[in-house]
$ cat entry.cif   # mmCIF, C-alpha atoms
data_target
#
loop_
_atom_site.group_PDB
_atom_site.id
_atom_site.type_symbol
_atom_site.label_atom_id
_atom_site.label_comp_id
_atom_site.auth_asym_id
_atom_site.auth_seq_id
_atom_site.Cartn_x
_atom_site.Cartn_y
_atom_site.Cartn_z
ATOM 1 C CA MET A 26 0.000 0.000 0.000
ATOM 2 C CA LEU A 27 2.899 2.350 0.640
ATOM 3 C CA ALA A 28 4.740 1.397 -2.532
ATOM 4 C CA GLY A 29 2.273 3.195 -4.830
ATOM 5 C CA PRO A 30 2.493 6.670 -3.285
ATOM 6 C CA ALA A 31 6.237 6.282 -2.666
ATOM 7 C CA LEU A 32 6.888 5.363 -6.294
ATOM 8 C CA ALA A 33 4.556 8.072 -7.575
ATOM 9 C CA HIS A 34 6.374 10.613 -5.408
ATOM 10 C CA THR A 35 9.758 9.697 -6.856
ATOM 11 C CA GLY A 36 8.444 9.695 -10.408
ATOM 12 C CA GLU A 37 9.167 6.024 -11.065
ATOM 13 C CA GLY A 38 5.499 5.112 -10.721
ATOM 14 C CA LEU A 39 4.480 7.836 -13.138
ATOM 15 C CA ALA A 40 7.101 6.804 -15.682
ATOM 16 C CA GLY A 41 6.035 3.163 -15.414
ATOM 17 C CA GLY A 42 2.420 4.169 -15.877
ATOM 18 C CA LEU A 43 3.264 6.255 -18.914
ATOM 19 C CA LEU A 44 5.258 3.435 -20.477
ATOM 20 C CA SER A 45 2.492 0.899 -19.916
ATOM 21 C CA GLY A 46 -0.003 3.376 -21.365
ATOM 22 C CA LEU A 47 2.237 3.885 -24.370
ATOM 23 C CA ARG A 48 2.517 0.136 -24.929
ATOM 24 C CA ALA A 49 -1.244 -0.268 -24.686
ATOM 25 C CA GLY A 50 -1.774 2.653 -27.070
ATOM 26 C CA ILE A 51 0.582 1.173 -29.642
ATOM 27 C CA ALA A 52 -1.119 -2.224 -29.394
ATOM 28 C CA VAL A 53 -4.603 -0.755 -29.744
ATOM 29 C CA GLY A 54 -3.487 1.554 -32.557
ATOM 30 C CA GLY A 55 -1.992 -1.383 -34.436
ATOM 31 C CA ALA A 56 -5.177 -3.397 -33.978
ATOM 32 C CA VAL A 57 -7.301 -0.508 -35.244
ATOM 33 C CA LEU A 58 -4.997 0.003 -38.207
ATOM 34 C CA LEU A 59 -5.056 -3.664 -39.195
ATOM 35 C CA GLY A 60 -8.812 -3.881 -38.665
ATOM 36 C CA ALA A 61 -9.423 -0.824 -40.816
ATOM 37 C CA LEU A 62 -7.313 -2.221 -43.642
ATOM 38 C CA ASP A 63 -9.632 -5.248 -43.873
ATOM 39 C CA GLU A 64 -8.413 -7.277 -46.884
ATOM 40 C CA HIS A 65 -5.478 -5.070 -47.927
ATOM 41 C CA PRO A 66 -1.983 -6.322 -47.057
ATOM 42 C CA PHE A 67 0.090 -3.912 -45.011
ATOM 43 C CA GLY A 68 2.096 -1.594 -47.243
ATOM 44 C CA THR A 69 -0.115 -1.743 -50.342
ATOM 45 C CA LEU A 70 -1.969 1.515 -49.656
ATOM 46 C CA PRO A 71 -0.515 5.043 -49.715
ATOM 47 C CA VAL A 72 1.041 6.375 -46.510
ATOM 48 C CA SER A 73 -1.690 9.036 -46.314
ATOM 49 C CA ILE A 74 -4.275 6.293 -45.688
ATOM 50 C CA TYR A 75 -2.306 5.010 -42.689
ATOM 51 C CA ALA A 76 -1.793 8.548 -41.384
ATOM 52 C CA GLY A 77 -5.513 9.284 -41.730
ATOM 53 C CA ILE A 78 -6.501 6.161 -39.805
ATOM 54 C CA CYS A 79 -4.074 6.995 -36.996
ATOM 55 C CA PHE A 80 -5.226 10.631 -36.918
ATOM 56 C CA ALA A 81 -8.905 9.663 -36.742
ATOM 57 C CA THR A 82 -8.246 7.183 -33.941
ATOM 58 C CA LEU A 83 -6.331 9.767 -31.909
ATOM 59 C CA LEU A 84 -8.921 12.453 -32.647
ATOM 60 C CA LEU A 85 -11.676 10.250 -31.256
ATOM 61 C CA ALA A 86 -9.726 9.636 -28.042
ATOM 62 C CA VAL A 87 -8.933 13.338 -27.627
ATOM 63 C CA ALA A 88 -12.549 14.378 -28.273
ATOM 64 C CA ILE A 89 -13.888 11.964 -25.659
ATOM 65 C CA THR A 90 -11.262 13.082 -23.161
ATOM 66 C CA ALA A 91 -12.228 16.708 -23.767
ATOM 67 C CA LEU A 92 -15.903 15.865 -23.255
ATOM 68 C CA VAL A 93 -15.167 14.164 -19.931
ATOM 69 C CA ARG A 94 -12.947 17.032 -18.785
ATOM 70 C CA MET A 95 -15.589 19.588 -19.804
ATOM 71 C CA SER A 96 -18.273 17.754 -17.841
ATOM 72 C CA PHE A 97 -16.036 17.719 -14.742
ATOM 73 C CA ASP A 98 -15.295 21.423 -15.173
ATOM 74 C CA ARG A 99 -18.990 22.295 -15.363
ATOM 75 C CA ARG A 100 -20.374 19.920 -12.735
ATOM 76 C CA GLY A 101 -17.399 19.661 -10.396
ATOM 77 C CA GLU A 102 -15.756 16.482 -9.196
ATOM 78 C CA ASP A 103 -19.042 14.782 -8.304
ATOM 79 C CA LYS A 104 -18.808 11.106 -7.398
ATOM 80 C CA TRP A 105 -21.816 10.178 -9.563
ATOM 81 C CA LEU A 106 -20.236 11.806 -12.608
ATOM 82 C CA ALA A 107 -17.023 9.816 -12.247
ATOM 83 C CA ILE A 108 -19.021 6.607 -11.800
ATOM 84 C CA THR A 109 -21.115 7.410 -14.880
ATOM 85 C CA TRP A 110 -18.073 7.981 -17.090
ATOM 86 C CA ARG A 111 -16.321 4.864 -15.775
ATOM 87 C CA THR A 112 -19.429 2.766 -16.349
ATOM 88 C CA GLY A 113 -19.738 4.055 -19.900
ATOM 89 C CA ALA A 114 -16.068 3.411 -20.605
ATOM 90 C CA SER A 115 -16.301 -0.113 -19.195
ATOM 91 C CA TRP A 116 -19.374 -0.848 -21.294
ATOM 92 C CA CYS A 117 -17.628 0.401 -24.450
ATOM 93 C CA ALA A 118 -14.530 -1.665 -23.671
ATOM 94 C CA GLY A 119 -16.692 -4.750 -23.175
ATOM 95 C CA MET A 120 -18.466 -4.223 -26.488
ATOM 96 C CA LEU A 121 -15.133 -3.744 -28.259
ATOM 97 C CA LEU A 122 -13.803 -6.973 -26.757
ATOM 98 C CA LEU A 123 -16.907 -8.830 -27.934
ATOM 99 C CA ALA A 124 -16.468 -7.390 -31.432
ATOM 100 C CA LEU A 125 -12.791 -8.399 -31.397
ATOM 101 C CA ALA A 126 -13.690 -11.925 -30.314
ATOM 102 C CA PHE A 127 -16.262 -12.092 -33.119
ATOM 103 C CA GLU A 128 -13.704 -10.919 -35.684
ATOM 104 C CA LEU A 129 -11.010 -13.330 -34.515
ATOM 105 C CA ARG A 130 -13.222 -16.408 -34.359
ATOM 106 C CA PRO A 131 -12.086 -19.344 -36.487
ATOM 107 C CA PRO A 132 -13.873 -19.801 -39.804
ATOM 108 C CA VAL A 133 -16.763 -22.212 -39.754
#
$ encode --input "entry.cif" --output "structure tokens"
Amino acid sequence: MLAGPALAHTGEGLAGGLLSGLRAGIAVGGAVLLGALDEHPFGTLPVSIYAGICFATLLLAVAITALVRMSFDRRGEDKWLAITWRTGASWCAGMLLLALAFELRPPV
């Protein structure tokens, strides 16, 4: 219990969190990129297509983050608001995992 605040105070916890977030972002970005390409092999489309897919994915994440931050700025740090946003995020993550499982199922 003391390791978390002690590591966060020294900066090691923050750096570890940032690195794990970066790894997760790269993995999710790669999955989105490959899913968006559908039947095209990697490297057959122009670079602008890949840049556009990455930009749109990042834009969506930034827009949702801005919406959450704006709601906290207007309503304050209410407990119900944090629970609502976490519930919505968990539901979206669950639906995305179900869609991923459906896409990766073996052919029948």
$ residues_around --input "entry.cif" --residues "stretch 127-130 of chain A" --least-positions-apart "5" --cutoff "12 Å" --atoms "all atoms listed in the file" --output "PyMOL selection string"
chain A and resi 56+59-60+63+120-122
$ closest_residue --input "entry.cif" --among "A:Ala114, A:Ala88, A:Val133, A:Cys79" --to "A:Val53" --atoms "only C-alpha atoms"
A:Cys79
$ atom_distance --input "entry.cif" --atom1 "atom CA of A:Gly55" --atom2 "atom CA of A:Tyr75"
10.4 Å
$ atom_distance --input "entry.cif" --atom1 "atom CA of A:Met95" --atom2 "atom CA of A:Ala124"
29.4 Å
$ closest_residue --input "entry.cif" --among "A:Gly113, A:Pro131, A:Gly68, A:Gly77" --to "A:Ile89" --atoms "only C-alpha atoms"
A:Gly113
$ atom_distance --input "entry.cif" --atom1 "atom CA of A:Arg48" --atom2 "atom CA of A:Thr69"
25.6 Å
$ axis_aligned_box --input "entry.cif" --around "stretch 120-125 of chain A" --padding-each-side "3 Å" --output "JSON"
{"center_x": -15.6, "center_y": -6.3, "center_z": -29.0, "size_x": 11.7, "size_y": 11.1, "size_z": 10.9}
$ residues_near_point --input "entry.cif" --point "(-18.2, 10.5, -15.5)" --cutoff "12 Å" --atoms "all atoms listed in the file" --output "PyMOL selection string"
chain A and resi 89-115
